[in-house]
$ cat run.txt   # compact mmCIF, C-alpha atoms
# COMPACT_ATOMS: atom_id res chain seq x y z
CA PRO A 256 -70.39 80.89 -85.72
CA SER A 257 -73.47 79.31 -84.09
CA GLN A 258 -74.19 77.57 -87.40
CA THR A 259 -70.73 76.05 -87.82
CA ILE A 260 -70.10 72.31 -87.59
CA THR A 261 -67.88 72.94 -84.55
CA GLY A 262 -70.63 74.95 -82.88
CA ASN A 263 -73.11 72.22 -83.71
CA PHE A 264 -70.87 69.57 -82.10
CA ALA A 265 -70.38 71.75 -79.01
CA ASN A 266 -74.13 72.21 -78.65
CA VAL A 267 -74.70 68.45 -78.88
CA ILE A 268 -71.89 67.60 -76.44
CA HIS A 269 -73.26 70.14 -73.97
CA GLY A 270 -76.91 69.31 -74.56
CA LEU A 271 -76.98 65.52 -74.40
CA ASN A 272 -78.21 64.17 -71.05
CA VAL A 273 -78.87 60.80 -69.46
CA ASN A 274 -82.44 60.77 -70.75
CA HIS A 275 -81.05 60.54 -74.29
CA LEU A 276 -79.40 57.18 -73.54
CA THR A 277 -81.35 54.21 -74.90
CA ASP A 278 -81.45 50.75 -73.33
CA GLN A 279 -79.43 49.31 -76.22
CA VAL A 280 -76.76 52.02 -76.02
CA ILE A 281 -76.44 51.41 -72.27
CA GLN A 282 -76.17 47.64 -72.74
CA ARG A 283 -73.66 47.84 -75.59
CA SER A 284 -71.52 50.42 -73.85
CA LYS A 285 -71.45 48.36 -70.63
CA ARG A 286 -70.12 45.41 -72.65
CA MET A 287 -67.46 47.70 -74.11
CA ILE A 288 -66.55 49.03 -70.67
CA LEU A 289 -66.25 45.54 -69.17
CA ASP A 290 -64.13 44.30 -72.07
CA THR A 291 -61.90 47.38 -71.98
CA LEU A 292 -61.31 47.05 -68.24
CA GLY A 293 -60.35 43.40 -68.75
CA VAL A 294 -57.85 43.95 -71.55
CA GLY A 295 -56.47 46.97 -69.67
CA LEU A 296 -55.95 44.95 -66.51
CA LEU A 297 -54.22 42.19 -68.48
CA GLY A 298 -52.19 44.81 -70.34
CA THR A 299 -50.67 46.15 -67.12
CA SER A 300 -48.45 43.06 -67.14
CA THR A 301 -46.86 43.88 -70.52
CA GLU A 302 -43.34 45.22 -71.00
CA ILE A 303 -44.50 48.45 -72.64
CA CYS A 304 -46.91 49.19 -69.79
CA HIS A 305 -44.12 48.63 -67.23
CA LYS A 306 -41.93 51.08 -69.13
CA VAL A 307 -44.53 53.87 -69.18
CA MET A 308 -45.30 53.27 -65.50
CA GLN A 309 -41.61 53.76 -64.72
CA TYR A 310 -41.56 56.91 -66.85
CA SER A 311 -44.66 58.35 -65.19
CA LYS A 312 -43.28 57.94 -61.65
CA ILE A 313 -41.43 61.23 -62.08
CA TYR A 314 -44.76 63.06 -61.75
CA SER A 315 -46.44 63.70 -58.42
CA SER A 316 -49.58 65.55 -57.38
CA ASP A 317 -51.99 65.87 -54.47
CA THR A 318 -54.76 64.84 -56.88
CA SER A 319 -54.35 61.28 -58.06
CA SER A 320 -56.10 58.39 -59.80
CA THR A 321 -55.53 54.64 -59.72
CA ILE A 322 -53.41 52.63 -62.12
CA TRP A 323 -55.68 49.70 -62.92
CA GLY A 324 -54.80 46.60 -60.94
CA HIS A 325 -52.21 48.44 -58.78
CA LEU A 326 -53.79 49.73 -55.58
CA ASP A 327 -50.42 50.93 -54.28
CA PHE A 328 -49.58 53.05 -57.33
CA ARG A 329 -51.44 56.27 -58.10
CA LEU A 330 -50.67 59.06 -60.56
CA PRO A 331 -52.10 62.46 -61.47
CA PRO A 332 -55.24 61.96 -63.60
CA LEU A 333 -53.46 62.81 -66.87
CA TYR A 334 -50.81 60.15 -66.36
CA ALA A 335 -53.24 57.60 -64.95
CA ALA A 336 -55.25 58.03 -68.16
CA PHE A 337 -52.03 57.69 -70.18
CA VAL A 338 -50.78 54.52 -68.47
CA ASN A 339 -54.21 52.86 -68.43
CA GLY A 340 -54.73 53.76 -72.09
CA VAL A 341 -51.38 52.20 -72.98
CA ALA A 342 -52.39 49.08 -71.03
CA VAL A 343 -55.68 48.80 -72.95
CA HIS A 344 -53.93 48.77 -76.34
CA SER A 345 -50.66 47.12 -75.29
CA MET A 346 -51.72 43.74 -76.77
CA ASP A 347 -54.10 45.01 -79.50
CA PHE A 348 -56.87 43.24 -77.58
CA ASP A 349 -59.31 46.18 -77.35
CA ASP A 350 -62.55 46.70 -79.24
CA THR A 351 -62.74 47.91 -82.86
CA TRP A 352 -65.45 49.80 -84.75
CA HIS A 353 -66.32 50.72 -88.33
CA PRO A 354 -65.12 53.02 -89.81
CA ALA A 355 -61.90 51.67 -88.33
CA THR A 356 -60.84 52.79 -84.87
CA HIS A 357 -60.44 51.47 -81.32
CA PRO A 358 -63.16 53.55 -79.63
CA SER A 359 -63.15 52.58 -75.94
CA GLY A 360 -59.45 52.72 -75.07
CA ALA A 361 -59.18 56.43 -75.81
CA VAL A 362 -62.19 57.34 -73.67
CA LEU A 363 -62.66 55.00 -70.71
CA PRO A 364 -59.24 55.61 -69.08
CA SER A 365 -59.72 59.38 -69.25
CA VAL A 366 -63.25 59.48 -67.81
CA ILE A 367 -62.44 56.98 -65.05
CA ALA A 368 -59.30 58.94 -64.07
CA LEU A 369 -61.24 62.20 -64.12
CA SER A 370 -64.20 60.83 -62.15
CA GLU A 371 -61.84 59.43 -59.51
CA ALA A 372 -60.06 62.78 -59.18
CA PHE A 373 -63.46 64.44 -58.75
CA SER A 374 -64.59 62.09 -56.00
CA GLN A 375 -63.40 64.25 -53.08
CA LYS A 376 -65.39 67.26 -54.27
CA LYS A 377 -68.30 65.80 -56.23
CA LYS A 378 -69.59 62.30 -56.71
CA ILE A 379 -69.81 61.14 -60.32
CA SER A 380 -72.62 58.63 -60.78
CA GLY A 381 -72.54 55.59 -63.00
CA LEU A 382 -75.04 57.32 -65.28
CA ASP A 383 -72.75 60.36 -65.50
CA LEU A 384 -69.93 58.02 -66.52
CA LEU A 385 -72.08 56.19 -69.07
CA LEU A 386 -73.20 59.47 -70.62
CA ALA A 387 -69.68 60.91 -70.86
CA PHE A 388 -68.35 57.62 -72.27
CA ASN A 389 -71.05 57.51 -74.93
CA VAL A 390 -70.50 61.16 -75.88
CA GLY A 391 -66.85 60.25 -76.49
CA ILE A 392 -67.79 57.23 -78.57
CA GLU A 393 -70.38 59.21 -80.54
CA VAL A 394 -67.98 62.04 -81.43
CA GLN A 395 -65.44 59.54 -82.76
CA GLY A 396 -68.02 57.76 -84.90
CA ARG A 397 -69.45 60.97 -86.35
CA LEU A 398 -66.02 62.36 -87.26
CA LEU A 399 -65.05 59.10 -88.98
CA ARG A 400 -68.23 59.21 -91.06
CA PHE A 401 -67.19 62.57 -92.50
CA SER A 402 -64.63 60.72 -94.66
CA SER A 403 -65.06 57.88 -97.16
CA GLU A 404 -61.30 57.28 -96.86
CA ALA A 405 -61.82 56.48 -93.16
CA ARG A 406 -64.12 53.58 -94.02
CA ASN A 407 -61.16 51.52 -95.21
CA ILE A 408 -58.40 50.10 -93.04
CA PRO A 409 -56.07 53.12 -92.67
CA LYS A 410 -52.84 53.80 -94.53
CA ARG A 411 -51.50 57.05 -93.03
CA PHE A 412 -52.76 57.94 -89.55
CA HIS A 413 -53.64 55.52 -86.75
CA PRO A 414 -57.34 56.44 -86.21
CA PRO A 415 -57.40 56.43 -82.37
CA THR A 416 -54.79 59.18 -82.41
CA VAL A 417 -57.07 61.32 -84.56
CA VAL A 418 -60.68 60.73 -83.53
CA GLY A 419 -59.84 59.09 -80.19
CA THR A 420 -58.21 62.27 -78.95
CA MET A 421 -61.30 64.24 -79.98
CA GLY A 422 -63.61 61.70 -78.35
CA SER A 423 -61.65 61.78 -75.11
CA ALA A 424 -61.84 65.59 -75.08
CA ALA A 425 -65.59 65.51 -75.70
CA ALA A 426 -66.17 62.91 -72.99
CA CYS A 427 -64.13 64.85 -70.44
CA ALA A 428 -65.79 68.13 -71.44
CA LYS A 429 -69.13 66.44 -70.72
CA LEU A 430 -67.97 65.13 -67.35
CA LEU A 431 -66.63 68.61 -66.47
CA ALA A 432 -69.99 70.13 -67.53
CA LEU A 433 -68.30 72.66 -69.81
CA ASP A 434 -70.47 75.21 -71.62
CA GLN A 435 -70.72 75.33 -75.41
CA LEU A 436 -67.84 77.78 -75.85
CA LYS A 437 -65.50 75.70 -73.70
CA CYS A 438 -66.61 72.54 -75.54
CA LYS A 439 -65.53 74.20 -78.79
CA ASN A 440 -62.20 75.10 -77.26
CA ALA A 441 -61.72 71.58 -75.89
CA LEU A 442 -62.17 70.20 -79.42
CA ALA A 443 -59.83 72.85 -80.83
CA VAL A 444 -57.08 72.13 -78.29
CA ALA A 445 -57.48 68.38 -78.80
CA ALA A 446 -57.09 68.71 -82.56
CA SER A 447 -53.60 70.12 -82.03
CA TYR A 448 -52.69 66.98 -80.06
CA ALA A 449 -54.15 64.61 -82.66
CA GLY A 450 -52.49 62.35 -85.21
CA ALA A 451 -49.74 59.71 -85.24
CA PRO A 452 -48.27 57.86 -88.25
CA LEU A 453 -49.27 54.27 -88.89
CA ALA A 454 -45.61 53.37 -89.48
CA ASN A 455 -45.27 52.61 -85.76
CA ALA A 456 -47.79 49.78 -85.98
CA ALA A 457 -46.36 46.44 -84.81
CA THR A 458 -43.95 48.17 -82.42
CA GLN A 459 -44.03 49.04 -78.72
CA THR A 460 -44.88 52.61 -79.70
CA LYS A 461 -48.34 51.78 -81.07
CA PRO A 462 -49.92 51.35 -77.59
CA LEU A 463 -48.70 54.86 -76.74
CA HIS A 464 -51.13 56.12 -79.39
CA VAL A 465 -54.16 55.14 -77.33
CA GLY A 466 -52.56 56.27 -74.06
CA ASN A 467 -51.83 59.65 -75.58
CA ALA A 468 -55.35 59.96 -76.99
CA ALA A 469 -56.79 59.43 -73.50
CA LYS A 470 -54.29 61.78 -71.85
CA HIS A 471 -54.42 64.51 -74.47
CA GLY A 472 -58.22 64.57 -74.60
CA LEU A 473 -58.37 64.95 -70.82
CA GLU A 474 -55.69 67.64 -70.94
CA ALA A 475 -57.55 69.52 -73.69
CA ALA A 476 -60.77 69.56 -71.66
CA CYS A 477 -58.94 70.70 -68.52
CA LEU A 478 -57.19 73.50 -70.42
CA ALA A 479 -60.48 74.59 -71.99
CA SER A 480 -62.10 74.64 -68.56
CA LEU A 481 -59.45 77.18 -67.53
CA GLY A 482 -60.23 79.39 -70.54
CA VAL A 483 -57.59 78.28 -73.07
CA GLN A 484 -58.92 79.18 -76.52
CA GLY A 485 -58.51 77.61 -79.94
CA ASN A 486 -60.02 77.93 -83.40
CA ARG A 487 -63.77 77.82 -82.95
CA GLN A 488 -64.25 76.30 -86.40
CA ILE A 489 -61.75 73.47 -85.98
CA LEU A 490 -64.17 70.81 -87.29
CA ASP A 491 -65.19 72.92 -90.29
CA MET A 492 -61.83 73.60 -91.83
CA GLU A 493 -59.58 71.76 -94.26
CA SER A 494 -56.66 72.95 -92.13
CA GLY A 495 -58.43 71.69 -89.00
CA MET A 496 -59.81 68.15 -88.80
CA GLY A 497 -59.69 68.11 -92.59
CA ALA A 498 -55.88 67.86 -92.37
CA PHE A 499 -56.19 64.15 -91.51
CA TYR A 500 -58.51 63.07 -94.34
CA SER A 501 -58.21 64.14 -97.97
CA ASP A 502 -61.99 63.76 -98.53
CA TYR A 503 -63.17 65.28 -95.23
CA ASN A 504 -66.76 66.52 -95.60
CA PRO A 505 -68.30 67.52 -92.25
CA GLN A 506 -72.05 67.50 -91.67
CA SER A 507 -74.25 68.79 -88.88
CA LEU A 508 -75.27 66.32 -86.19
CA PRO A 509 -78.92 65.32 -85.68
CA THR A 510 -81.05 67.42 -83.36
CA LEU A 511 -81.12 66.61 -79.67
CA GLN A 512 -84.77 65.64 -79.78
CA SER A 513 -84.74 61.81 -79.92
CA TYR A 514 -81.01 61.84 -80.67
CA PRO A 515 -79.95 58.79 -82.78
CA TRP A 516 -76.75 57.31 -81.29
CA LEU A 517 -74.41 55.58 -83.71
CA LEU A 518 -73.82 52.84 -81.14
CA ASP A 519 -77.55 52.13 -81.32
CA GLN A 520 -77.18 51.52 -85.05
CA GLN A 521 -73.98 49.45 -85.01
CA ASP A 522 -72.26 47.41 -82.31
CA VAL A 523 -68.46 47.06 -81.95
CA ALA A 524 -66.22 44.06 -82.56
CA ILE A 525 -64.86 42.47 -79.39
CA LYS A 526 -61.76 40.34 -79.96
CA ARG A 527 -61.28 36.72 -78.84
CA PHE A 528 -57.49 36.94 -79.11
CA PRO A 529 -55.02 39.87 -79.03
CA ALA A 530 -54.16 40.81 -82.62
CA HIS A 531 -55.12 43.16 -85.46
CA LEU A 532 -58.82 42.78 -86.26
CA GLY A 533 -58.15 41.69 -89.86
CA THR A 534 -56.40 38.58 -88.57
CA HIS A 535 -59.59 37.35 -86.90
CA TRP A 536 -61.07 36.41 -90.28
CA VAL A 537 -57.84 34.56 -91.00
CA ALA A 538 -57.97 32.61 -87.73
CA ASP A 539 -61.51 31.38 -88.29
CA ALA A 540 -60.82 30.39 -91.92
CA ALA A 541 -57.57 28.60 -90.98
CA SER A 542 -59.23 26.76 -88.09
CA LEU A 543 -61.88 25.50 -90.50
CA VAL A 544 -59.18 24.18 -92.87
CA ARG A 545 -57.39 22.46 -89.98
CA ARG A 546 -60.55 20.59 -89.03
CA LYS A 547 -60.76 19.27 -92.59
CA LEU A 548 -57.07 18.34 -92.64
CA VAL A 549 -56.84 16.42 -89.38
CA GLY A 550 -60.22 14.69 -89.81
CA HIS A 551 -60.78 12.01 -87.24
CA GLY A 552 -57.14 10.94 -86.99
CA ASN A 553 -54.54 11.80 -84.37
CA ASN A 554 -55.44 15.52 -84.39
CA LEU A 555 -51.97 16.43 -85.70
CA LEU A 556 -51.44 18.61 -88.75
CA PRO A 557 -49.64 16.66 -91.55
CA LEU A 558 -46.95 19.32 -91.66
CA ASP A 559 -44.45 17.35 -93.75
CA GLN A 560 -47.10 16.77 -96.42
CA ILE A 561 -48.05 20.44 -96.89
CA GLU A 562 -46.72 21.95 -100.11
CA LYS A 563 -48.17 25.46 -99.84
CA VAL A 564 -50.59 27.67 -97.90
CA VAL A 565 -52.42 30.50 -99.68
CA VAL A 566 -54.18 33.21 -97.66
CA LYS A 567 -56.57 35.47 -99.58
CA VAL A 568 -57.00 38.80 -97.79
CA PRO A 569 -57.23 42.51 -98.69
CA GLU A 570 -53.99 44.33 -99.39
CA VAL A 571 -53.10 45.81 -95.99
CA ARG A 572 -49.37 46.40 -95.98
CA TYR A 573 -48.79 46.77 -92.27
CA VAL A 574 -50.41 43.36 -91.61
CA ASN A 575 -48.37 41.64 -94.34
CA ARG A 576 -45.47 40.26 -92.30
CA PRO A 577 -44.14 36.94 -93.66
CA ALA A 578 -41.55 36.39 -90.90
CA PRO A 579 -42.48 38.18 -87.66
CA THR A 580 -39.85 38.12 -84.91
CA SER A 581 -41.62 39.87 -82.01
CA GLU A 582 -45.03 39.63 -80.37
CA HIS A 583 -45.99 43.04 -81.80
CA GLU A 584 -45.07 41.97 -85.33
CA ALA A 585 -46.90 38.66 -84.85
CA ARG A 586 -50.06 40.51 -83.80
CA HIS A 587 -49.88 42.36 -87.14
CA SER A 588 -49.21 39.38 -89.41
CA PHE A 589 -51.83 37.63 -91.55
CA GLN A 590 -49.28 34.88 -92.16
CA PHE A 591 -48.48 34.26 -88.50
CA VAL A 592 -52.12 33.96 -87.46
CA ALA A 593 -52.93 31.67 -90.40
CA CYS A 594 -50.05 29.31 -89.56
CA SER A 595 -50.68 29.39 -85.81
CA ALA A 596 -54.37 28.59 -86.26
CA LEU A 597 -53.47 25.77 -88.67
CA LEU A 598 -51.03 24.29 -86.15
CA ASP A 599 -53.10 24.76 -82.99
CA GLY A 600 -56.71 24.98 -84.15
CA CYS A 601 -57.34 28.26 -82.35
CA MET A 602 -55.69 31.49 -81.20
CA SER A 603 -55.22 32.76 -77.64
CA VAL A 604 -53.14 35.11 -75.52
CA GLU A 605 -50.47 32.38 -75.32
CA SER A 606 -50.19 32.19 -79.12
CA PHE A 607 -47.99 35.31 -79.05
CA ALA A 608 -45.51 34.11 -76.44
CA SER A 609 -41.92 34.01 -77.65
CA GLU A 610 -41.69 30.22 -77.54
CA HIS A 611 -44.71 29.96 -79.84
CA ILE A 612 -43.48 32.62 -82.27
CA HIS A 613 -40.08 30.96 -82.71
CA ARG A 614 -41.03 27.26 -82.78
CA ALA A 615 -39.62 25.32 -85.71
CA ALA A 616 -42.95 23.98 -86.99
CA LEU A 617 -44.36 27.49 -87.28
CA ARG A 618 -41.28 28.79 -89.10
CA GLU A 619 -41.47 25.90 -91.54
CA LEU A 620 -45.13 26.59 -92.26
CA LEU A 621 -44.50 30.33 -92.67
CA ARG A 622 -41.97 29.56 -95.43
CA LYS A 623 -44.70 27.73 -97.35
CA THR A 624 -47.24 30.55 -96.96
CA ARG A 625 -48.07 33.36 -99.36
CA LEU A 626 -50.73 36.06 -99.51
CA GLU A 627 -53.05 36.84 -102.41
CA HIS A 628 -55.20 39.95 -102.73
CA PRO A 629 -58.39 39.32 -104.78
CA ALA A 630 -59.76 42.43 -106.44
CA ASP A 631 -63.14 42.01 -104.75
CA ASN A 632 -61.67 41.77 -101.23
CA GLU A 633 -62.14 45.29 -99.85
CA PRO A 634 -59.82 46.59 -97.10
CA SER A 635 -62.80 47.37 -94.88
CA PHE A 636 -63.82 45.75 -91.61
CA GLU A 637 -67.39 45.81 -92.90
CA ASP A 638 -66.73 43.98 -96.19
CA LEU A 639 -63.50 41.96 -96.11
CA TYR A 640 -63.31 38.17 -96.18
CA CYS A 641 -60.56 35.59 -95.87
CA GLU A 642 -59.95 32.31 -97.68
CA VAL A 643 -57.21 29.92 -96.57
CA SER A 644 -56.18 27.08 -98.90
CA VAL A 645 -53.74 24.29 -98.08
CA THR A 646 -52.33 22.14 -100.89
CA LEU A 647 -50.63 18.84 -100.06
CA GLU A 648 -47.76 17.28 -101.99
CA ASP A 649 -50.12 14.70 -103.49
CA GLY A 650 -52.20 17.51 -105.02
CA CYS A 651 -55.11 17.34 -102.57
CA ALA A 652 -56.36 20.78 -101.57
CA PHE A 653 -58.40 21.93 -98.59
CA SER A 654 -59.88 25.39 -98.15
CA GLY A 655 -61.98 27.41 -95.75
CA ARG A 656 -63.56 30.83 -95.91
CA CYS A 657 -64.67 33.32 -93.27
CA ASP A 658 -67.00 36.22 -94.08
CA THR A 659 -67.85 37.14 -90.49
CA PHE A 660 -65.79 35.94 -87.52
CA TYR A 661 -67.29 35.32 -84.08
CA GLY A 662 -66.92 38.59 -82.16
CA HIS A 663 -67.63 40.86 -85.17
CA TRP A 664 -70.57 43.27 -84.76
CA ARG A 665 -72.57 41.05 -87.11
CA LYS A 666 -71.87 38.06 -84.85
CA PRO A 667 -71.31 39.52 -81.36
CA LEU A 668 -69.86 37.55 -78.45
CA ARG A 669 -72.44 35.93 -76.22
CA LYS A 670 -72.66 37.34 -72.71
CA GLU A 671 -71.05 34.25 -71.19
CA ASP A 672 -68.09 34.42 -73.61
CA LEU A 673 -67.57 38.14 -72.93
CA GLU A 674 -67.54 37.37 -69.20
CA LYS A 675 -65.08 34.49 -69.68
CA LYS A 676 -62.74 36.80 -71.60
CA PHE A 677 -62.96 39.43 -68.86
CA GLN A 678 -62.46 36.89 -66.09
CA SER A 679 -59.46 35.35 -67.84
CA ASN A 680 -57.86 38.77 -68.40
CA ALA A 681 -58.62 40.43 -65.07
CA SER A 682 -57.76 37.39 -62.94
CA GLN A 683 -54.13 37.78 -64.02
CA VAL A 684 -53.84 40.82 -61.71
CA LEU A 685 -56.91 40.83 -59.42
CA SER A 686 -58.49 38.48 -56.91
CA ALA A 687 -61.54 36.42 -57.90
CA GLU A 688 -63.64 38.55 -55.55
CA ALA A 689 -62.50 41.77 -57.22
CA VAL A 690 -63.11 40.34 -60.70
CA GLU A 691 -66.71 39.40 -59.85
CA GLY A 692 -67.18 42.77 -58.14
CA ILE A 693 -66.25 44.63 -61.33
CA ILE A 694 -68.65 42.51 -63.41
CA GLU A 695 -71.50 43.25 -61.01
CA THR A 696 -70.65 46.96 -60.83
CA VAL A 697 -70.45 47.40 -64.62
CA TYR A 698 -73.68 45.48 -65.22
CA ASN A 699 -75.44 47.79 -62.74
CA LEU A 700 -73.57 50.96 -63.63
CA GLU A 701 -76.68 53.05 -64.26
CA LYS A 702 -77.66 52.46 -60.58
CA VAL A 703 -74.25 53.24 -59.07
CA GLU A 704 -74.25 56.48 -57.08
CA ASP A 705 -70.47 56.97 -56.97
CA CYS A 706 -68.55 55.35 -59.81
CA SER A 707 -65.20 55.82 -58.04
CA VAL A 708 -66.06 52.41 -56.55
CA LEU A 709 -64.67 51.01 -59.83
$ encode --input "run.txt" --output "structure tokens"
Amino acid sequence: PSQTITGNFANVIHGLNVNHLTDQVIQRSKRMILDTLGVGLLGTSTEICHKVMQYSKIYSSDTSSTIWGHLDFRLPPLYAAFVNGVAVHSMDFDDTWHPATHPSGAVLPSVIALSEAFSQKKKISGLDLLLAFNVGIEVQGRLLRFSSEARNIPKRFHPPTVVGTMGSAAACAKLLALDQLKCKNALAVAASYAGAPLANAATQTKPLHVGNAAKHGLEAACLASLGVQGNRQILDMESGMGAFYSDYNPQSLPTLQSYPWLLDQQDVAIKRFPAHLGTHWVADAASLVRRKLVGHGNNLLPLDQIEKVVVKVPEVRYVNRPAPTSEHEARHSFQFVACSALLDGCMSVESFASEHIHRAALRELLRKTRLEHPADNEPSFEDLYCEVSVTLEDGCAFSGRCDTFYGHWRKPLRKEDLEKKFQSNASQVLSAEAVEGIIETVYNLEKVEDCSVL
């Protein structure tokens, strides 16, 4: 058993310490934490977050953690992690990695809720939080790399519900200082909470996936800490983690000596507007076409002269929505983002407001739009591209192509743009003083003695 993949993971989770963290891992993870707090704070204003807050009020406990942005509303750590996780993903505004998953939203709410619940008995330092967070990110990335199928945009399971639950459990196990046996059990328990079908994409249920991953991972670690046992080879077996991926092929992790973090090797994508990551290529390509179309004239799109719009993207069925009617459908529509970017020149939070979704000009442009799926356009966030072509009634054609959008890990957001995004999001629910306080705290997290200050 000591030579199993599960045992190997447990040894690494238990054995990693703050000295293993590299400067780049610390810097990248602080950017992820700041961005995740911002989209989570903004997300507390969404309808789905209000609904789960109402639901969670039925629970009470002497131990409680904060609902982000709501100083007067506290919940038991499990439900604080759940609500805050839902908030993070409520607008599909959270970070995305490759192979495809949303890594931070499943982990940060659980470790913050847990560290806050700890605060009366034991102070959790900023370095403790950074280490636990990065253990959770690392476990997700390693599990995804055990499957070639996982490298493509998913078709069956929503990845945060699979690997996010495991990452949350690993992060919380680290924060709870569980031994190797209890780390194994935490992973085993978490695996029985994992998995949700992708069919609920573009609905209010999809944000629950990330909330549940945060909650269930924390719950798995807490149960393991009390001695609940599971299959100690859960990561080795086809009927364990292998149940989620047809080509699952687990490998041992590197040794702890000079441990190579995946986050050191590849950054995450941080979104500039709240929609499925694949649509970000579309937005940049469509904005380029618009600039060509409007030229130096009155800056208005010649809508009545457009005969057709062709958008060349990979075949991703749940983002092929020719006539979206809700904000959640619009966030998962190549066509909607292409037409919105053509009309407005850019995408923003406001692009998904009801009055924008249902405006006549957009509906007219959507009717002229079709998707094409070139054979060489892979459904992978590492390799995909987008071409948008607009043909006018006089036969003139204009096109634009995006291979790497701004915010992708190959073209990361500049520090000032990351801060602007956070400030814009967080200022919807917090004072300017609080917003700047969070920025300063996150940037200096490795020096913070008690991270419950967050």
$ closest_atom_pairs --input "run.txt" --of "stretch 569-651 of chain A" --to "stretch 659-672 of chain A" --cutoff "10 Å" --atoms "all atoms listed in the file" --output "tab-separated table"
residue	atom	partner	partner_atom	distance
A:Phe636	CA	A:His663	CA	8.9
A:Glu637	CA	A:Thr659	CA	9.0
A:Asp638	CA	A:Thr659	CA	9.0
A:Leu639	CA	A:Thr659	CA	8.6
A:Tyr640	CA	A:Thr659	CA	7.4
A:Cys641	CA	A:Thr659	CA	9.2
$ residues_around --input "run.txt" --residues "A:His325" --least-positions-apart "4" --cutoff "10 Å" --atoms "all atoms listed in the file" --output "list in words"
Leu296, Thr299, Thr321, Arg329, Val684 and Leu685 of chain A
$ closest_residue --input "run.txt" --among "A:Glu582, A:Gly450, A:Asn389, A:Trp536" --to "A:Gln279" --atoms "all atoms listed in the file"
A:Asn389
$ closest_residue --input "run.txt" --among "A:Asp349, A:Glu570, A:Glu701, A:Asp317" --to "A:Lys410" --atoms "only C-alpha atoms"
A:Glu570
$ residues_around --input "run.txt" --residues "A:Arg614" --least-positions-apart "6" --cutoff "12 Å" --atoms "all atoms listed in the file" --output "list in words"
Thr580, Phe591, Cys594, Ser595, Leu598, Ser606, Phe607, Ala608, Leu620 and Leu621 of chain A
$ write_last_selection --input "run.txt" --atoms "C-alpha atoms" --output "mmCIF file, in the frame of the given file"
data_model
loop_
_atom_site.group_PDB
_atom_site.id
_atom_site.type_symbol
_atom_site.label_atom_id
_atom_site.label_comp_id
_atom_site.auth_asym_id
_atom_site.auth_seq_id
_atom_site.Cartn_x
_atom_site.Cartn_y
_atom_site.Cartn_z
ATOM 1 C CA THR A 580 -39.850 38.120 -84.910
ATOM 2 C CA PHE A 591 -48.480 34.260 -88.500
ATOM 3 C CA CYS A 594 -50.050 29.310 -89.560
ATOM 4 C CA SER A 595 -50.680 29.390 -85.810
ATOM 5 C CA LEU A 598 -51.030 24.290 -86.150
ATOM 6 C CA SER A 606 -50.190 32.190 -79.120
ATOM 7 C CA PHE A 607 -47.990 35.310 -79.050
ATOM 8 C CA ALA A 608 -45.510 34.110 -76.440
ATOM 9 C CA LEU A 620 -45.130 26.590 -92.260
ATOM 10 C CA LEU A 621 -44.500 30.330 -92.670
#
$ atom_distance --input "run.txt" --atom1 "atom CA of A:Cys438" --atom2 "atom CA of A:Trp352"
24.6 Å
